[in-house]
$ cat protein28.cif   # mmCIF, C-alpha atoms
data_coords
#
loop_
_atom_site.label_atom_id
_atom_site.label_comp_id
_atom_site.auth_asym_id
_atom_site.auth_seq_id
_atom_site.Cartn_x
_atom_site.Cartn_y
_atom_site.Cartn_z
CA MET A 1 -3.17 -74.08 89.61
CA SER A 2 -6.12 -74.89 87.37
CA GLU A 3 -6.55 -73.18 84.06
CA VAL A 4 -9.70 -71.09 84.38
CA LYS A 5 -11.56 -69.83 81.29
CA LEU A 6 -14.70 -67.83 80.67
CA ILE A 7 -16.72 -69.25 77.78
CA PRO A 8 -20.04 -67.85 76.54
CA ILE A 9 -23.13 -69.93 77.14
CA ASN A 10 -24.01 -71.87 74.02
CA GLU A 11 -26.10 -74.79 72.76
CA GLY A 12 -23.64 -77.30 74.15
CA ASN A 13 -23.36 -76.03 77.72
CA TYR A 14 -26.55 -74.21 78.64
CA ASN A 15 -28.25 -77.24 80.23
CA ALA A 16 -25.24 -77.82 82.47
CA VAL A 17 -25.17 -74.12 83.44
CA LEU A 18 -28.85 -74.18 84.35
CA SER A 19 -28.26 -77.13 86.66
CA ILE A 20 -25.40 -75.57 88.69
CA LYS A 21 -26.22 -75.45 92.40
CA VAL A 22 -24.73 -73.42 95.22
CA ALA A 23 -24.78 -74.47 98.86
CA GLU A 24 -28.21 -74.29 100.51
CA ASP A 25 -27.20 -71.33 102.72
CA GLN A 26 -26.05 -69.37 99.64
CA LYS A 27 -29.25 -69.55 97.58
CA SER A 28 -30.39 -66.10 98.70
CA PHE A 29 -27.11 -64.54 97.54
CA VAL A 30 -27.54 -64.94 93.77
CA ALA A 31 -30.34 -65.07 91.20
CA SER A 32 -30.98 -68.37 89.47
CA ASN A 33 -29.07 -69.05 86.29
CA VAL A 34 -32.36 -69.51 84.45
CA TYR A 35 -33.32 -65.94 85.41
CA SER A 36 -29.88 -64.66 84.40
CA VAL A 37 -29.96 -66.33 80.98
CA ALA A 38 -33.46 -64.93 80.41
CA GLN A 39 -32.20 -61.45 81.32
CA ALA A 40 -29.32 -61.79 78.84
CA TYR A 41 -31.78 -62.79 76.13
CA ILE A 42 -33.72 -59.55 76.67
CA PHE A 43 -30.82 -57.19 77.50
CA LYS A 44 -28.21 -57.59 74.77
CA SER A 45 -25.53 -55.76 76.79
CA MET A 46 -25.46 -58.66 79.28
CA HIS A 47 -23.00 -61.49 78.69
CA PRO A 48 -23.63 -64.83 80.45
CA MET A 49 -20.42 -66.84 80.77
CA CYS A 50 -19.52 -70.33 81.94
CA ILE A 51 -16.56 -70.62 84.28
CA TYR A 52 -14.46 -73.63 83.35
CA ALA A 53 -11.48 -75.01 85.26
CA ASN A 54 -9.46 -77.55 83.31
CA ASP A 55 -12.43 -78.03 80.97
CA VAL A 56 -14.85 -78.77 83.84
CA LEU A 57 -17.81 -76.43 84.30
CA VAL A 58 -17.43 -74.96 87.80
CA GLY A 59 -19.53 -71.82 87.77
CA PHE A 60 -21.32 -68.95 86.13
CA LEU A 61 -20.56 -65.26 85.67
CA MET A 62 -22.57 -62.59 83.90
CA TYR A 63 -21.43 -59.10 83.12
CA ASP A 64 -23.11 -56.06 81.62
CA THR A 65 -21.35 -53.58 79.35
CA GLU A 66 -24.08 -50.99 80.00
CA PRO A 67 -24.68 -50.86 83.77
CA GLU A 68 -28.13 -49.76 84.90
CA ASN A 69 -26.56 -47.28 87.34
CA LYS A 70 -25.53 -44.41 85.04
CA LYS A 71 -22.84 -43.31 87.52
CA TYR A 72 -20.93 -46.36 86.26
CA ALA A 73 -21.79 -45.91 82.57
CA LYS A 74 -18.17 -46.44 81.47
CA TYR A 75 -17.63 -49.44 83.76
CA TYR A 76 -18.47 -53.08 83.28
CA ALA A 77 -20.91 -54.42 85.84
CA MET A 78 -20.49 -57.95 87.16
CA ASP A 79 -24.13 -58.85 87.69
CA ARG A 80 -23.64 -62.49 88.69
CA LEU A 81 -20.89 -64.66 90.08
CA MET A 82 -21.49 -68.13 91.37
CA VAL A 83 -19.30 -71.17 91.85
CA ALA A 84 -20.94 -74.58 92.17
CA LYS A 85 -20.98 -75.91 95.72
CA ASP A 86 -18.62 -78.79 94.89
CA HIS A 87 -16.03 -76.43 93.39
CA GLN A 88 -15.89 -73.67 95.98
CA LYS A 89 -12.80 -72.60 97.92
CA LYS A 90 -10.47 -73.47 95.05
CA GLY A 91 -9.89 -69.93 93.76
CA TYR A 92 -12.12 -70.26 90.68
CA GLY A 93 -14.29 -67.26 91.52
CA ARG A 94 -11.22 -65.08 92.09
CA GLN A 95 -9.68 -66.19 88.80
CA ALA A 96 -12.95 -65.61 86.95
CA VAL A 97 -13.16 -62.03 88.24
CA GLU A 98 -9.53 -61.45 87.23
CA LEU A 99 -10.41 -62.66 83.71
CA LEU A 100 -13.38 -60.29 83.63
CA LYS A 101 -11.11 -57.42 84.68
CA GLU A 102 -8.86 -58.24 81.70
CA ILE A 103 -11.84 -58.30 79.32
CA ALA A 104 -13.06 -54.94 80.64
CA ARG A 105 -9.61 -53.35 80.38
CA LYS A 106 -9.15 -54.56 76.80
CA LYS A 107 -12.47 -52.96 75.87
CA ASN A 108 -11.37 -49.68 77.50
CA ALA A 109 -13.84 -49.78 80.38
CA GLN A 110 -13.01 -47.31 83.16
CA GLY A 111 -13.52 -49.90 85.86
CA LEU A 112 -15.52 -52.79 87.24
CA MET A 113 -18.45 -52.65 89.64
CA THR A 114 -20.75 -55.12 91.32
CA SER A 115 -23.20 -55.40 94.17
CA TYR A 116 -23.64 -58.10 96.76
CA VAL A 117 -26.04 -59.12 99.51
CA GLN A 118 -25.08 -57.38 102.74
CA SER A 119 -24.87 -60.65 104.69
CA ASN A 120 -22.52 -62.24 102.11
CA ASP A 121 -19.24 -61.64 103.93
CA ILE A 122 -17.35 -64.05 101.66
CA ALA A 123 -18.23 -62.03 98.54
CA GLY A 124 -17.34 -58.80 100.34
CA LYS A 125 -13.91 -60.12 101.27
CA LEU A 126 -13.28 -61.51 97.77
CA TYR A 127 -14.16 -58.23 96.08
CA SER A 128 -12.10 -56.25 98.56
CA ASP A 129 -9.11 -58.57 98.05
CA LEU A 130 -9.46 -58.01 94.29
CA GLY A 131 -9.30 -54.23 94.72
CA MET A 132 -12.97 -53.35 94.72
CA LYS A 133 -14.07 -50.95 97.44
CA LYS A 134 -17.52 -50.42 98.90
CA THR A 135 -18.84 -47.14 97.51
CA GLY A 136 -21.23 -46.41 100.37
CA GLU A 137 -24.17 -46.93 98.03
CA ILE A 138 -26.92 -49.46 98.63
CA ASP A 139 -28.66 -50.76 95.49
CA ASP A 140 -31.82 -52.78 96.03
CA GLY A 141 -30.57 -53.70 99.52
CA GLU A 142 -27.10 -54.71 98.31
CA TYR A 143 -23.71 -53.12 98.90
CA VAL A 144 -22.16 -51.60 95.78
CA ALA A 145 -18.42 -52.14 95.25
CA ALA A 146 -16.28 -50.73 92.45
CA MET A 147 -12.74 -50.24 91.23
CA GLU A 148 -11.25 -47.93 88.64
CA PHE A 149 -8.60 -49.18 86.25
#
$ encode --input "protein28.cif" --output "structure tokens"
Amino acid sequence: MSEVKLIPINEGNYNAVLSIKVAEDQKSFVASNVYSVAQAYIFKSMHPMCIYANDVLVGFLMYDTEPENKKYAKYYAMDRLMVAKDHQKKGYGRQAVELLKEIARKKNAQGLMTSYVQSNDIAGKLYSDLGMKKTGEIDDGEYVAAMEF
């Protein structure tokens, strides 16, 4: 299995992150990385991360230590997860979420939450397989899923 790492966006990798593309039919599932990096510049609680597998950039993940939904104030929120179209179906997204769970646990977060587009069945299955359950909430048209540690 590939060694997957989460590395903060920096001067040396931001251009590559901004050029990551998902499959055409997935574009409506995730905000652009340019938008995400701009958000992280404004909101200091957001952490944009590169997903590397064996030192190859394969995706992008961003988490927030201060979720907008105050119900999850002591959780970490995974605001973005995307794996480049050429690197999908290799387990990188799953491993990246597992790494984020470790980060959140080490910082004493109570849990992890996210939201996803209702038609994104692949994300729903991934999050469910990782232990996140749909909460019954809809946030801006997206399902909310969460897990407690």
$ atom_distance --input "protein28.cif" --atom1 "atom CA of Ile20 of chain A" --atom2 "atom CA of Tyr92 of chain A"
14.4 Å
$ atom_distance --input "protein28.cif" --atom1 "atom CA of Leu126 of chain A" --atom2 "atom CA of Asn10 of chain A"
28.0 Å
$ closest_residue --input "protein28.cif" --among "A:Lys85, A:Lys71, A:Arg80, A:Lys101" --to "Glu137 of chain A" --atoms "all atoms listed in the file"
A:Lys71
$ resolve_selection --input "protein28.cif" --expression "the PyMOL selection byres ((chain A and resi 54-65) around 9)" --output "ChimeraX atom specification"
/A:2-6,13,16-17,20-21,33,36-37,40,43-53,66-68,73-88,92-93,96-97,100,104,109
$ atom_distance --input "protein28.cif" --atom1 "atom CA of Phe29 of chain A" --atom2 "atom CA of Ser119 of chain A"
8.4 Å
$ axis_aligned_box --input "protein28.cif" --around "segment 116-133 of chain A" --padding-each-side "8 Å" --output "JSON"
{"center_x": -17.6, "center_y": -57.5, "center_z": 99.5, "size_x": 32.9, "size_y": 29.1, "size_z": 26.4}
$ closest_residue --input "protein28.cif" --among "A:Asn69, A:Gln39, A:Gln26, A:Ser19" --to "Ser115 of chain A" --atoms "only C-alpha atoms"
A:Asn69
$ resolve_selection --input "protein28.cif" --expression "the PyMOL selection byres ((chain A and resi 116) around 7)" --output "list in words"
Thr114, Ser115, Val117, Gln118, Asn120, Ala123, Glu142, Tyr143 and Val144 of chain A
$ closest_residue --input "protein28.cif" --among "A:Ile122, A:Ile42, A:Ile103, A:Met113" --to "Asp139 of chain A" --atoms "only C-alpha atoms"
A:Met113
$ resolve_selection --input "protein28.cif" --expression "the PyMOL selection byres ((chain A and resi 134) around 7)" --output "PyMOL selection string"
chain A and resi 132-133+135-136+143-146
$ write_last_selection --input "protein28.cif" --atoms "C-alpha atoms" --output "PDB file, in the frame of the given file"
ATOM      1  CA  MET A 132     -12.970 -53.350  94.720  1.00  0.00           C
ATOM      2  CA  LYS A 133     -14.070 -50.950  97.440  1.00  0.00           C
ATOM      3  CA  THR A 135     -18.840 -47.140  97.510  1.00  0.00           C
ATOM      4  CA  GLY A 136     -21.230 -46.410 100.370  1.00  0.00           C
ATOM      5  CA  TYR A 143     -23.710 -53.120  98.900  1.00  0.00           C
ATOM      6  CA  VAL A 144     -22.160 -51.600  95.780  1.00  0.00           C
ATOM      7  CA  ALA A 145     -18.420 -52.140  95.250  1.00  0.00           C
ATOM      8  CA  ALA A 146     -16.280 -50.730  92.450  1.00  0.00           C
TER       9      ALA A 146
END
$ decode --input "protein28.cif" --residues "segment 71-103 of chain A" --atoms "C-alpha atoms" --output "mmCIF file, in the first residue's frame"
data_model
loop_
_atom_site.group_PDB
_atom_site.id
_atom_site.type_symbol
_atom_site.label_atom_id
_atom_site.label_comp_id
_atom_site.auth_asym_id
_atom_site.auth_seq_id
_atom_site.Cartn_x
_atom_site.Cartn_y
_atom_site.Cartn_z
ATOM 1 C CA LYS A 71 -23.697 21.972 17.129
ATOM 2 C CA TYR A 72 -20.297 20.561 16.115
ATOM 3 C CA ALA A 73 -18.191 23.208 17.884
ATOM 4 C CA LYS A 74 -15.885 20.596 19.451
ATOM 5 C CA TYR A 75 -15.536 18.583 16.224
ATOM 6 C CA TYR A 76 -13.247 19.053 13.281
ATOM 7 C CA ALA A 77 -15.077 19.670 10.024
ATOM 8 C CA MET A 78 -13.740 18.187 6.810
ATOM 9 C CA ASP A 79 -14.775 20.912 4.386
ATOM 10 C CA ARG A 80 -13.112 19.501 1.265
ATOM 11 C CA LEU A 81 -11.897 16.163 0.013
ATOM 12 C CA MET A 82 -10.903 15.567 -3.562
ATOM 13 C CA VAL A 83 -8.682 13.051 -5.278
ATOM 14 C CA ALA A 84 -7.372 13.836 -8.762
ATOM 15 C CA LYS A 85 -9.139 11.909 -11.506
ATOM 16 C CA ASP A 86 -6.009 9.918 -12.416
ATOM 17 C CA HIS A 87 -5.511 8.774 -8.811
ATOM 18 C CA GLN A 88 -9.023 7.729 -7.831
ATOM 19 C CA LYS A 89 -10.063 4.255 -6.682
ATOM 20 C CA LYS A 90 -6.689 3.589 -5.052
ATOM 21 C CA GLY A 91 -7.729 4.216 -1.436
ATOM 22 C CA TYR A 92 -6.036 7.620 -1.131
ATOM 23 C CA GLY A 93 -9.181 9.451 -0.053
ATOM 24 C CA ARG A 94 -9.916 6.837 2.606
ATOM 25 C CA GLN A 95 -6.355 7.021 3.937
ATOM 26 C CA ALA A 96 -6.444 10.822 3.955
ATOM 27 C CA VAL A 97 -9.633 10.833 6.052
ATOM 28 C CA GLU A 98 -8.063 8.320 8.449
ATOM 29 C CA LEU A 99 -5.078 10.671 8.827
ATOM 30 C CA LEU A 100 -7.431 13.563 9.520
ATOM 31 C CA LYS A 101 -9.198 11.482 12.171
ATOM 32 C CA GLU A 102 -5.808 10.940 13.863
ATOM 33 C CA ILE A 103 -5.032 14.675 13.757
#
